[in-house]
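Asks: Sharing a structure with you now.
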Amino acid sequence: MINDTTYDPHPFVKWAGGKRQLLLQMEPYFPKKYNTYIEPFVGGGAIYFHLKPKKAILIDNNKELINCFKVIKRDVNGLIQSLKKHKNEKNYFYTIRAVDRNPEIFDKWNDVEKASRTIYMNKCCYNGLYRVNNKGQFNAPFGKYKNPTFCDESNLKAVHFQLQTAEIMNSPFEECLKYSKQNDFVYFDPPYHPLSQTANFTSYTRDNFGEESQKKLADVFKALDNRGCKLMLSNSYNDFILDLYKDFTIIELSAKRAINSDASKRGEIKEVLVLNRRGEEQW
Ligand SMILES: C[S@@+](CC[C@H](N)C(=O)[O-])C[C@H]1O[C@@H](n2cnc3c(N)ncnc32)[C@H](O)[C@@H]1O
């Protein structure tokens with residue numbers, strides 16, 4: 001373990017729906033005391049890295065993303081060595097991107113090489129996002145950035161240090177039911193319910209997260225409320241979500257989002273933060 005006490009870890013990938021811009025608005029609602037921090041849709045982990053909890057369980061069903069977390073925890077130096085070999089060049093980018101089209105080759109890559117590929121492509125692709133087609137193959141184009149930092153050594157080491165006390169799982173969100181206990185803090189940041197059919201809706205993985213999934217998630221939320229967990233959930237602001245969580249405290253937040261398929265047209269949009277804290281109850 002690398003022992004660095006002056007560390008400030010932050011997300012090592014740019015991820016759709018990243019919560020960094022909402023942190024200030026969310027800050028007053030984080031519980032002051034809890035046992036384990038559990039995040040069943042961890043994504044880039046903006047809230048986890050902000051809170052730096054002593055004990056955590058991080059879950060996501062994106063296999064490549066979770067592999068990155070595990071590799072950073074276990075072999076950050078190996079990952080740094082591998083990342084340094086990449087080049088910010090168009091032809092090179094497309095050669096690396098094409099590897100997952102050829103399972104015979106990709107399956108032989110080790111976990112460090114796969115994590116290094118995912119982080120490199122996330123930093124060098126257009127818009128810096130993870131995007132896959134319906135076969136699960138990475139399909140974002142080259143980003144033409146002048147000097148992208150795909151090997152942020154000090155952050156990777158800080159993340160490595162923070163992750164030593166985290167359990168990391170490639171699982172569906174329901175897995176949190178196995179681990180969440182009274183006084184644990186569980187933060188849910190699922191794929192948002194789309195505001196309308198035409199609203200910009202990003203597919204994070206091959207699985208769609210439709211109304212049935214939102215309902216299952218609300219059932220998990222209620223089950224953990226009954227167990228005495230401290231709960232927080234983000235989602236879009238619309239009648240469907242307001243109705244699913246009508247028995248809980250709803251806070252309105254305001255976020256800058258691409259509300260149109262044209263990413264340049266950004267606007268202020270309302271989001272909800274659902275809490276199972278009743279009234280002014282102290283957490
Ligand atoms: C909104 S993003 C999370 C954003 C993240 N909190 C951040 O700050 O970057 C949603 C995440 O949920 C994951 N996901 C989608 N469906 C899932 C499921 N059924 N179970 C677990 N994770 C899922 C996606 O892979 C994605 O990383």
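Chain labels run A, B, ... following the order of the structure tokens; each chain numbers its residues from 1, and ligands are numbered from 1 in the order shown.
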May I have the residues within 8 Å of ligand 1, computed using only C-alpha atoms and all ligand atoms, as a PyMOL selection string?

Replies: chain A and resi 11+14-20+40-47+59-62+65+170-174+188-192+204-205+207-209+213

Asks: Sorted by chain and rising residue number, which residues of stretch 25-135 of chain A lie within 12 Å of stretch 238-258 of chain A, and what are their closest atom pairs and distances in Å to one decimal, counting only C-alpha atoms, as CSV?

Replies:
```
residue,atom,partner,partner_atom,distance
A:Gln25,CA,A:Leu253,CA,6.8
A:Met26,CA,A:Leu253,CA,8.2
A:Glu27,CA,A:Leu253,CA,11.6
A:Pro28,CA,A:Ile251,CA,11.1
A:Tyr29,CA,A:Ile251,CA,9.4
```

Asks: Please, which residues in stretch 145-247 of chain A fall within 10 Å of stretch 68-75 of chain A when counting only C-alpha atoms, and what is the closest atom pair and distance in Å to one decimal for each, ordered by chain then residue number, as CSV?

Replies:
```
residue,atom,partner,partner_atom,distance
A:Leu156,CA,A:Ile72,CA,7.0
A:Lys157,CA,A:Ile72,CA,8.0
A:Ala158,CA,A:Ile72,CA,9.8
A:Val159,CA,A:Ile72,CA,7.2
A:His160,CA,A:Lys73,CA,4.8
A:Phe161,CA,A:Lys73,CA,7.4
A:Gln162,CA,A:Lys73,CA,8.3
A:Leu163,CA,A:Lys73,CA,5.5
A:Gln164,CA,A:Lys73,CA,6.1
A:Thr165,CA,A:Lys73,CA,9.3
A:Ala166,CA,A:Lys73,CA,8.7
A:Glu167,CA,A:Lys70,CA,8.9
A:Ile168,CA,A:Lys70,CA,6.6
A:Met169,CA,A:Lys70,CA,8.6
A:Asn170,CA,A:Lys70,CA,9.8
```

Asks: Save out the residues we just selected, all heavy atoms, as a CSV table (one decimal), in the first residue's frame.

Replies:
```csv
chain,number,residue,atom,x,y,z
A,156,LEU,N,-4.0,8.7,-9.4
A,156,LEU,CA,-4.2,7.2,-9.3
A,156,LEU,C,-3.7,6.7,-8.0
A,156,LEU,O,-4.3,5.8,-7.4
A,156,LEU,CB,-3.5,6.6,-10.5
A,156,LEU,CG,-4.2,6.8,-11.9
A,156,LEU,CD1,-3.3,6.4,-13.0
A,156,LEU,CD2,-5.5,6.0,-11.9
A,157,LYS,N,-2.6,7.3,-7.5
A,157,LYS,CA,-2.0,6.8,-6.2
A,157,LYS,C,-2.9,7.1,-5.1
A,157,LYS,O,-3.1,6.4,-4.1
A,157,LYS,CB,-0.6,7.3,-6.0
A,157,LYS,CG,0.4,6.6,-6.9
A,157,LYS,CD,1.8,7.1,-6.8
A,157,LYS,CE,2.8,6.3,-7.7
A,157,LYS,NZ,4.1,6.9,-7.8
A,158,ALA,N,-3.5,8.3,-5.1
A,158,ALA,CA,-4.5,8.8,-4.1
A,158,ALA,C,-5.7,7.8,-4.1
A,158,ALA,O,-6.2,7.4,-3.0
A,158,ALA,CB,-4.9,10.2,-4.3
A,159,VAL,N,-6.2,7.5,-5.3
A,159,VAL,CA,-7.3,6.6,-5.4
A,159,VAL,C,-7.0,5.2,-4.9
A,159,VAL,O,-7.7,4.6,-4.1
A,159,VAL,CB,-7.8,6.5,-6.9
A,159,VAL,CG1,-8.8,5.4,-7.1
A,159,VAL,CG2,-8.4,7.9,-7.4
A,160,HIS,N,-5.8,4.8,-5.2
A,160,HIS,CA,-5.3,3.5,-4.7
A,160,HIS,C,-5.3,3.5,-3.2
A,160,HIS,O,-5.8,2.5,-2.5
A,160,HIS,CB,-3.8,3.3,-5.2
A,160,HIS,CG,-3.1,2.2,-4.5
A,160,HIS,ND1,-3.2,0.9,-4.8
A,160,HIS,CD2,-2.2,2.3,-3.5
A,160,HIS,CE1,-2.4,0.2,-4.0
A,160,HIS,NE2,-1.8,1.0,-3.2
A,161,PHE,N,-4.8,4.5,-2.6
A,161,PHE,CA,-4.8,4.6,-1.1
A,161,PHE,C,-6.2,4.6,-0.5
A,161,PHE,O,-6.5,3.8,0.4
A,161,PHE,CB,-4.1,5.9,-0.7
A,161,PHE,CG,-3.9,6.1,0.7
A,161,PHE,CD1,-3.3,5.2,1.5
A,161,PHE,CD2,-4.4,7.3,1.3
A,161,PHE,CE1,-3.2,5.4,2.9
A,161,PHE,CE2,-4.3,7.5,2.7
A,161,PHE,CZ,-3.7,6.6,3.5
A,162,GLN,N,-7.1,5.4,-1.1
A,162,GLN,CA,-8.5,5.4,-0.6
A,162,GLN,C,-9.2,4.1,-0.8
A,162,GLN,O,-9.9,3.6,0.1
A,162,GLN,CB,-9.3,6.5,-1.4
A,162,GLN,CG,-10.7,6.6,-1.1
A,162,GLN,CD,-11.0,7.0,0.4
A,162,GLN,OE1,-10.3,7.8,0.9
A,162,GLN,NE2,-12.0,6.4,1.0
A,163,LEU,N,-8.9,3.4,-1.9
A,163,LEU,CA,-9.6,2.1,-2.2
A,163,LEU,C,-9.2,0.9,-1.3
A,163,LEU,O,-9.9,-0.1,-1.3
A,163,LEU,CB,-9.5,1.7,-3.6
A,163,LEU,CG,-10.2,2.6,-4.7
A,163,LEU,CD1,-9.9,2.1,-6.1
A,163,LEU,CD2,-11.7,2.5,-4.5
A,164,GLN,N,-8.1,1.1,-0.5
A,164,GLN,CA,-7.7,0.0,0.3
A,164,GLN,C,-8.8,-0.5,1.3
A,164,GLN,O,-8.8,-1.6,1.7
A,164,GLN,CB,-6.4,0.3,1.1
A,164,GLN,CG,-5.2,0.6,0.2
A,164,GLN,CD,-5.0,-0.5,-0.9
A,164,GLN,OE1,-4.9,-1.7,-0.5
A,164,GLN,NE2,-5.0,-0.1,-2.1
A,165,THR,N,-9.7,0.4,1.7
A,165,THR,CA,-10.7,0.0,2.6
A,165,THR,C,-12.1,-0.2,1.9
A,165,THR,O,-13.1,-0.2,2.6
A,165,THR,CB,-10.9,1.0,3.7
A,165,THR,OG1,-11.1,2.3,3.1
A,165,THR,CG2,-9.6,1.1,4.6
A,166,ALA,N,-12.0,-0.4,0.6
A,166,ALA,CA,-13.3,-0.6,-0.1
A,166,ALA,C,-13.4,-2.0,-0.7
A,166,ALA,O,-12.4,-2.5,-1.1
A,166,ALA,CB,-13.4,0.4,-1.3
A,167,GLU,N,-14.6,-2.5,-0.6
A,167,GLU,CA,-14.9,-3.8,-1.3
A,167,GLU,C,-15.5,-3.4,-2.6
A,167,GLU,O,-16.4,-2.5,-2.7
A,167,GLU,CB,-15.9,-4.6,-0.6
A,167,GLU,CG,-15.2,-5.5,0.5
A,167,GLU,CD,-16.2,-6.4,1.1
A,167,GLU,OE1,-16.7,-7.3,0.3
A,167,GLU,OE2,-16.5,-6.3,2.3
A,168,ILE,N,-15.1,-4.0,-3.7
A,168,ILE,CA,-15.5,-3.5,-5.1
A,168,ILE,C,-16.2,-4.7,-5.8
A,168,ILE,O,-15.6,-5.8,-5.8
A,168,ILE,CB,-14.2,-3.1,-5.9
A,168,ILE,CG1,-13.5,-1.9,-5.1
A,168,ILE,CG2,-14.6,-2.6,-7.2
A,168,ILE,CD1,-12.1,-1.7,-5.5
A,169,MET,N,-17.4,-4.5,-6.3
A,169,MET,CA,-18.1,-5.6,-6.9
A,169,MET,C,-18.7,-5.3,-8.2
A,169,MET,O,-19.3,-4.2,-8.4
A,169,MET,CB,-19.3,-6.0,-6.0
A,169,MET,CG,-18.8,-6.4,-4.6
A,169,MET,SD,-20.2,-6.7,-3.6
A,169,MET,CE,-19.4,-6.7,-2.0
A,170,ASN,N,-18.6,-6.2,-9.2
A,170,ASN,CA,-19.2,-6.1,-10.5
A,170,ASN,C,-20.5,-6.9,-10.4
A,170,ASN,O,-20.6,-8.1,-10.6
A,170,ASN,CB,-18.3,-6.7,-11.6
A,170,ASN,CG,-18.9,-6.7,-12.9
A,170,ASN,OD1,-18.7,-7.5,-13.8
A,170,ASN,ND2,-19.7,-5.6,-13.2
```

Asks: What's the 12 Å shell around stretch 32-35 of chain A, counting only C-alpha atoms, without same-chain residues fewer than 4 positions away, as a list in words?

Replies: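 Within the cut-off, the hits are Glu27, Pro28, Leu51, Pro53, Lys54, Lys55, Ala56, Ile57, Tyr179, Ser180, Lys181, Gln182, Asn183, Asp184, Phe185, Val186, Gly228, Cys229, Lys230, Leu231, Glu281, Gln282 and Trp283 of chain A.
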
Asks: Out of stretch 47-96 of chain A, which residues get strand (DSSP E) from DSSP, as JSON, numbers by chain?

Replies: {"A": [56, 57, 58, 59, 60]}

Asks: What are the DSSP alpha helix (DSSP H) residues of stretch 14-231 of chain A, as number ranges by chain?

Replies: A: 23-26, 46-51, 63-84, 90-97, 103-106, 111-124, 153-163, 176-179, 211-227

Asks: As JSON, numbers by chain, please: the residues near A:Ile80 (cut-off 12 Å, only C-alpha atoms, same-chain neighbours under 4 positions excluded).

Replies: {"A": [68, 71, 72, 75, 76, 84, 85, 86, 112, 113, 115, 116, 117, 119, 120, 150, 151, 152, 153, 154, 155, 156, 157, 160]}

Asks: Quick one: of A:Lys63, A:Lys123, A:Asn110, A:Glu271, who's nearest to A:Phe12, counting only C-alpha atoms?

Replies: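 For A:Phe12, the nearest of the given residues is A:Lys123.
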
Asks: Interatomic distance between atom CA of A:Tyr187 and atom CA of A:Glu175?

Replies: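 We find that atom CA of A:Tyr187 and atom CA of A:Glu175 lie 13.6 Å from each other.
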